[in-house]
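Participant: The following block contains the structure, expressed as structure tokens.
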Amino acid sequence: MDTQNAYRIGTGAGFSSDRLEPALDLIRHGRLDAIVFECVGERTLAFGHRDRRTNPARGYNPLLERRMRAVLPLCQAAGTRIITNMGVANPRAAAQRTAEIATELGLTGLKVAAVTGDEVSHLIGPDTPLLEPGCRLSETGREMLAANAYLGIDAILPAIEAGADVIITGRVADPSLFLAPMAHHFAWQPDDWGTLGAGTAIGHLLECAAQVTGGYFADPGHKDVPGLANVGFPLAEVTADGGAVITKLESSGGLVSQRTVKEQLLYEVHDPSAYLTPDVSADFSRVQLADAGRDRVRIEQAGGAQRPEQLKVTVAFDGGFLAEAEISYAGPGAAGRARMAGDIVAERMDRLHGSNGPIRIDLIGVSALHASAVDYPDDAQDVRLRCAMRASSEDEAELLLWEVEALLCCGPAAGGGYRGHITPSVMTYSAFVERGDVKPRLEILPA
Amino acid sequence: MKSSVPLRQIAHARSGDKGNRSNLAIFVYDPEHYEVLRQQVTPERLQENFGGVLRGPIKRYELPNLHGLNFVMDQALEGGVNESLNLDGHGKSWSAMVLALEVVLDGTE
């Protein structure tokens, strides 16, 4: 494999709140052609819509300002194109803010592109079937806030062809953010399914940043990762046939091994022979991995078949409020007192406040995460009670916080460390729309 | 000689989410243990051990080239990240919890 002429693409963020320093290192020392900041998930898209509802000029990634201020000068100096879905629920406002930041920093000649058209609420109606509840939209009894289709590389390619230095999108399939610049560089054809599938596998490996370089992997004594505190973000050296070497900067911490690559290859994947994106039905089932030096793993033999005719849509609804409140118990009998406190809260909420939704009671330190799946021993001496419920109003949510705080005087012995918070929430379900009905748009903002 | 060991001794895992569906990929460190994994870690076994939370059907995909299995577990996340009252609405911790399962090695691997 000729890695001298490889296309070098790196990851600047693998989720909305990802770290910034590894991205800066990668831009400074990685000789990158492009860097992708992937910042949208089901949860963050929902938050974006919530923010945009409060302030129409927002709804993009809250770290956009901080990231762009640090990254724009470095990328301009290195000649590295930026592609990001940090536009979240408002790509146009994100692009405008980015152009303003470039001006404030004294950068000239930067072309900032906004890719829109993923907002498709006009295509969703009361009769639209929703996948997971398995009902029609009108049957949810909830107010639809927004609907976003997953766009593919065909939405991003025009921005690259227009010479944009910074491309900001809303909802785009994560691997497409990476596939678009590779496909453009190597002039991969839109129906070259095998190569698009191979490029999608590379994008999928890169899209969660440190998750392929030793992050989300370490288990001391079983899976050791050197220098995790200084973990580097990944880069791929991609060749024209769709093969690649996944690696990281030598100066960074972390680990790229067949193990880290395997774990990430199947992360959030269902049928490995049919990983559906707007671009291709990618096939990861025959992938071959090989060591190619220290912290270098070669991936080959990913393939693909024709892309799906429909596009997946995330439909967001008002989800009311999430109320969460906690209090701790320690010493002998801690678990018993925490359990009693939880029962008291549940009884008071039911009897005094007529609360009808479920109240979740967790004993953190005994059983909390997927608690009802396993019986754990009950002799813990440092236990935090967590109570959680959903409420349709903030006032109703306050009642739970009040009852948990009241345990301080009206609950079992020696409870302390009360904290409570209320989070406005958004729920999301999936639907499908016809590809031809979705019209991606491009706007270039000079900076 | 037969011996029973926690799955964590021979395998590593990662889980991810889409809505209320969780996927759990498990890989053996040593390719010689792939058959142990394949024969002993089945959808039925997961249902039996974690059925209180894994409420839907479980489908398994085999990846002999990667020496791993991918489990796709429906209705496994109490509604998913935007709906669940579970602290771990993404189901990130499934990958660690599953490694507590015991597997039997017959000593010939």
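Letters A, B, ... go to the chains of the structure tokens in the order shown; residues in each chain start at 1; ligands are counted from 1 in the same order.
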Could you find all residues in stretch 100-140 of chain A that DSSP calls helix (DSSP H, G or I) from the backbone, and write them as a VMD selection string?
Facilitator: chain A and resid 100 to 104 121 to 123 137 to 140
Participant: At a cut-off of 9 Å, which residues of chain A touch chain B? Count only C-alpha atoms and give the answer as a VMD selection string.
Facilitator: chain A and resid 42 to 43 46 132 216 to 217 222 to 223 259 262 to 264 266 to 272 285 to 289 319 322 359 to 360 362 368 to 374 388 to 390 425 to 430
Participant: At a cut-off of 6 Å, using only C-alpha atoms, what residues contact stretch 328-331 of chain A? Leave out same-chain residues fewer than 3 positions from it and give the result as a ChimeraX atom specification.
Facilitator: /A:334,381-385,415-417
Participant: Distance atom CA of A:Val438-atom CA of A:Gly303, one decimal place?
Facilitator: 26.3 Å
Participant: With a distance cut-off of 12 Å and only C-alpha atoms, select the neighbouring residues of A:Glu309, excluding the residue or stretch itself and same-chain residues fewer than 3 positions from it, and output the selection as a list in words.
Facilitator: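 Here the qualifying residues turn out to be Leu276, Thr277, Pro278, Asp279, Val280, Ser281, Gln306, Lys312, Phe432, Val433, Glu434, Arg435, Gly436, Asp437 and Val438 of chain A.
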Participant: Just list the residues in stretch 5-48 of chain B DSSP gives strand (DSSP E) on the backbone, as a list in words.
Facilitator: Val5, Pro6, Ala11, His12, Ala13, Arg14, Ser15, Gly16, Asp17, Lys18, Arg21, Ser22, Asn23, Leu24, Ala25, Ile26, Phe27 and Val28 of chain B
Participant: For the residues in that selection, give me C-alpha atoms as a JSON list (two decimals), in the first residue's frame.
Facilitator:
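Produced file part24.json, reproduced below:
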[["chain", "number", "residue", "atom", "x", "y", "z"],
["B", 5, "VAL", "CA", -13.57, -18.68, 34.06],
["B", 6, "PRO", "CA", -15.26, -15.29, 33.79],
["B", 11, "ALA", "CA", -12.77, -11.74, 25.80],
["B", 12, "HIS", "CA", -13.34, -8.01, 25.49],
["B", 13, "ALA", "CA", -16.52, -6.19, 24.52],
["B", 14, "ARG", "CA", -18.06, -2.85, 23.54],
["B", 15, "SER", "CA", -21.69, -1.78, 23.48],
["B", 16, "GLY", "CA", -23.52, 0.96, 21.63],
["B", 17, "ASP", "CA", -27.06, 2.27, 21.21],
["B", 18, "LYS", "CA", -29.59, 3.33, 18.60],
["B", 21, "ARG", "CA", -31.84, -0.98, 20.78],
["B", 22, "SER", "CA", -28.45, -1.92, 22.17],
["B", 23, "ASN", "CA", -25.66, -3.70, 20.35],
["B", 24, "LEU", "CA", -23.00, -5.63, 22.14],
["B", 25, "ALA", "CA", -19.90, -6.88, 20.32],
["B", 26, "ILE", "CA", -17.73, -9.47, 22.08],
["B", 27, "PHE", "CA", -14.30, -10.56, 20.79],
["B", 28, "VAL", "CA", -11.97, -13.25, 22.11]]
Participant: May I have the residues within 9 Å of stretch 230-235 of chain A as number ranges by chain, using only C-alpha atoms and disregarding those fewer than 6 positions away in the same chain?
Facilitator: A: 8-14, 21-23, 25-26, 30, 32, 35, 205-206, 209-215, 245-256
Participant: Tell me, as a list in words, which residues lie within 8 Å of A:Ile422, counting only C-alpha atoms; anything in the same chain fewer than 5 positions away does not count.
Facilitator: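 The filter keeps Phe321, Leu322, Ala323, Glu324, Glu394, Ala397 and Glu398 of chain A.
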